[in-house]
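*Asks:* Structure in structure tokens, see below.
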Amino acid sequence: MGAHRRSRQPRQPNSAGPGSPRSGVRHGLARVLSKAGLCSRTEATRWIQAGRVQVDGRVVLDPEYPMRDGLRGVLVDGQVPAGPERIYLALNKPRGLVTTARDEQGRDTVYRCLDGSGLPWLAPVGRLDRASEGLLLFSNDPAWAARVLDPDSGPDKTYHVQVDAIPDESLLQALRSGVEDDGEWLRAVSATVLRSGTRNAWLEIVLDEGRNRQIRRLLAAFDLSVLRLVRVAIGPVGLGSLGKGQWRMLDPAERDALAPATAAGMPAA
């Protein structure tokens with residue numbers, strides 16, 4: 001599918017604490033550990049508060065301790081943190097799971113599908129809401145994930161959506177033209193009827209951006225209710241025969257097709 005694109009106050013320098021004062025662009029220590037693909041930011045905060053992380057030879061207990069040089073000078077459990085093997089995988093998300101590592105309401109999350117896999121920590125690349133299902137990517141390569149999610153150069157996403165009516169061509173054209181909802185312009189790159197019955201139809205909808213609950217909001221604006229929503233492809237990568245709750249590794253060609261190393265001027269991970 002072709003690409004279709006539209007066009008805290010800064011933290012004050014802290015000279016107290018481990019090591020010499022740092023200058024320039026700063027990020028909190030927990031964020032630095034997370035962005036290196038070592039763990040989630042929540043887990044990094046736990047490591048830090050448990051006294052497991054040192055910077056420049058001294059234990060740091062503040063997850064927001066300002067860092068300028070990435071992992072330089074950082075030890076975890078007394079060891080230089082080795083960069084993890086980069087993992088890129090596709091999951092067929094079942095309906096009813098929340099796309100988060102931990103849910104404050106105690107609901108099952110997508111990580112249930114990865115239980116017992118022995119994989120390192122991975123983050124979802126984008127989201128699917130609880131009622132939606134289908135293709136969901138995971139990786140511990142933040143730079144690659146950022147390229148996939150880039151609103152200008154990231155891949156289109158294809159959905160099969162069951163609705164409670166049979167749209168005619170004028171309604172499909174309206175979905176492609178778009179509508180304003182809560183201050184945002186929502187539109188589909190393409191919208192076509194896959195098949196229809198007497199009371200409902202399956203549509204194929206392609207999006208080139210990822211706004212919150214975009215398809216549901218777009219359809220609701222035209223009085224269409226979603227009965228089922230399945231993401232079937234991201235760029236050239238499709239669900240194929242992947243069963244619900246199952247996952248597979250992306251091959252290098254798929255990984256590179258989803259996020260070319262030259263996108264947005266970013267180097268290869």
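Every chain in the structure tokens takes a letter, A first, then B, and so on in the order presented; its residues are numbered from 1, and the ligands are numbered from 1 following the presented order.
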Using the chain letters and numbers from this document, which residues of stretch 177-219 of chain A does DSSP assign to helix (DSSP H, G or I), as a PyMOL selection string?

*Replies:* chain A and resi 177+214-219

*Asks:* Okay, now the selection with N, CA and C atoms, as an mmCIF file, in the first residue's frame?

*Replies:*
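Listed below is the output, selection-v4.cif:
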```
data_model
loop_
_atom_site.group_PDB
_atom_site.id
_atom_site.type_symbol
_atom_site.label_atom_id
_atom_site.label_comp_id
_atom_site.auth_asym_id
_atom_site.auth_seq_id
_atom_site.Cartn_x
_atom_site.Cartn_y
_atom_site.Cartn_z
ATOM 1 N N SER A 177 -13.566 11.148 2.811
ATOM 2 C CA SER A 177 -13.431 12.611 2.873
ATOM 3 C C SER A 177 -13.146 13.068 4.294
ATOM 4 N N GLN A 214 -9.819 5.791 16.464
ATOM 5 C CA GLN A 214 -10.135 6.563 15.267
ATOM 6 C C GLN A 214 -11.262 5.954 14.433
ATOM 7 N N ILE A 215 -11.200 4.652 14.187
ATOM 8 C CA ILE A 215 -12.229 4.037 13.338
ATOM 9 C C ILE A 215 -13.584 4.089 14.024
ATOM 10 N N ARG A 216 -13.628 3.764 15.296
ATOM 11 C CA ARG A 216 -14.908 3.777 16.014
ATOM 12 C C ARG A 216 -15.509 5.182 16.006
ATOM 13 N N ARG A 217 -14.684 6.186 16.224
ATOM 14 C CA ARG A 217 -15.177 7.562 16.229
ATOM 15 C C ARG A 217 -15.616 8.006 14.840
ATOM 16 N N LEU A 218 -14.841 7.629 13.838
ATOM 17 C CA LEU A 218 -15.188 7.997 12.463
ATOM 18 C C LEU A 218 -16.520 7.385 12.066
ATOM 19 N N LEU A 219 -16.704 6.112 12.343
ATOM 20 C CA LEU A 219 -17.954 5.448 11.971
ATOM 21 C C LEU A 219 -19.137 5.975 12.784
#
```

*Asks:* Within 6 Å of A:Asp156, counting only C-alpha atoms, which residues show up once you throw out same-chain ones fewer than 4 positions away? Write them as a PyMOL selection string, please.

*Replies:* chain A and resi 207-208+235

*Asks:* Which of these residues is nearest to A:Arg41, using only C-alpha atoms: A:Leu239, A:Val74, A:Ile234, A:Leu122?

*Replies:*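 Smallest distance to A:Arg41 is found for A:Leu122.
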
*Asks:* Which residues in stretch 47-164 of chain A does DSSP call strand (DSSP E)? List them as a VMD selection string.

*Replies:* chain A and resid 53 to 55 58 to 59 66 to 67 74 to 76 88 to 93 123 to 125 133 to 139 157 to 163

*Asks:* Quick one: residues within 7 Å of A:Pro142, only C-alpha atoms counted, chain neighbours fewer than 2 positions away excluded, as a list in words?

*Replies:*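 Returned residues: Lys35, Gly37, Asn140, Trp144, Ala145 and Ala146 of chain A.
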
*Asks:* Which one of A:Ala82, A:Ala90, A:Val230, A:Ala36 sits closest to A:Leu242 if you count only C-alpha atoms?

*Replies:* A:Ala90

*Asks:* Using only C-alpha atoms, which residues sit within 8 Å of A:Tyr111 once same-chain residues fewer than 4 positions away are excluded, as a PyMOL selection string?

*Replies:* chain A and resi 100-101+115

*Asks:* Please list as a compact mmCIF listing (two decimals) with N, CA, C and O atoms, in the first residue's frame every residue within 6 Å of A:Ala188, counting only C-alpha atoms and excluding residues in the same chain fewer than 5 positions away.

*Replies:*
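Full text of part20.txt as output:
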```txt
# COMPACT_ATOMS: atom_id res chain seq x y z
N LEU A 175 -16.59 8.67 4.37
CA LEU A 175 -15.56 8.16 5.27
C LEU A 175 -14.17 8.54 4.75
O LEU A 175 -13.26 8.85 5.53
N ARG A 176 -14.02 8.51 3.44
CA ARG A 176 -12.73 8.88 2.84
C ARG A 176 -12.50 10.39 2.90
O ARG A 176 -11.36 10.84 3.03
N VAL A 206 -8.52 1.53 5.55
CA VAL A 206 -7.08 1.77 5.65
C VAL A 206 -6.86 3.15 6.26
O VAL A 206 -7.47 4.14 5.83
N LEU A 207 -5.99 3.21 7.29
CA LEU A 207 -5.64 4.47 7.94
C LEU A 207 -4.17 4.76 7.72
O LEU A 207 -3.35 3.84 7.64
```

*Asks:* If you measure from atom CA of A:Asp69 to atom CA of A:Trp47, what distance in Å do you get, rounded to one decimal?

*Replies:*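 Pair atom CA of A:Asp69 / atom CA of A:Trp47 returns 19.4 Å.
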
*Asks:* Using only C-alpha atoms, pick whichever of A:Pro151, A:Gly126, A:Ser225, A:Val193 has the shortest atom-to-atom distance to A:Val163.

*Replies:*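 Of A:Pro151, A:Gly126, A:Ser225, A:Val193, the one nearest A:Val163, counting only C-alpha atoms, is A:Ser225.
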
*Asks:* Could you jot down the atom CA of A:Leu203 to atom CA of A:Leu91 separation for me, Å, one decimal place?

*Replies:*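 About the pair atom CA of A:Leu203 and atom CA of A:Leu91: they are 22.2 Å apart.
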
*Asks:* Which of these, A:Glu180, A:Ala201, A:Gly240, A:Met249, has the shortest distance to A:Ala221 once you count only C-alpha atoms?

*Replies:*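 Smallest distance to A:Ala221 is found for A:Glu180.
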
*Asks:* Would you compute the distance between atom CA of A:Leu149 and atom CA of A:Val226? Give it in Å to one decimal.

*Replies:* 24.4 Å

*Asks:* Give me the residues near A:Tyr159 as a PyMOL selection string, where near means some atom within 7 Å (using only C-alpha atoms) and where sequence neighbours in that chain fewer than 6 positions away do not count.

*Replies:* chain A and resi 204-206+229-232
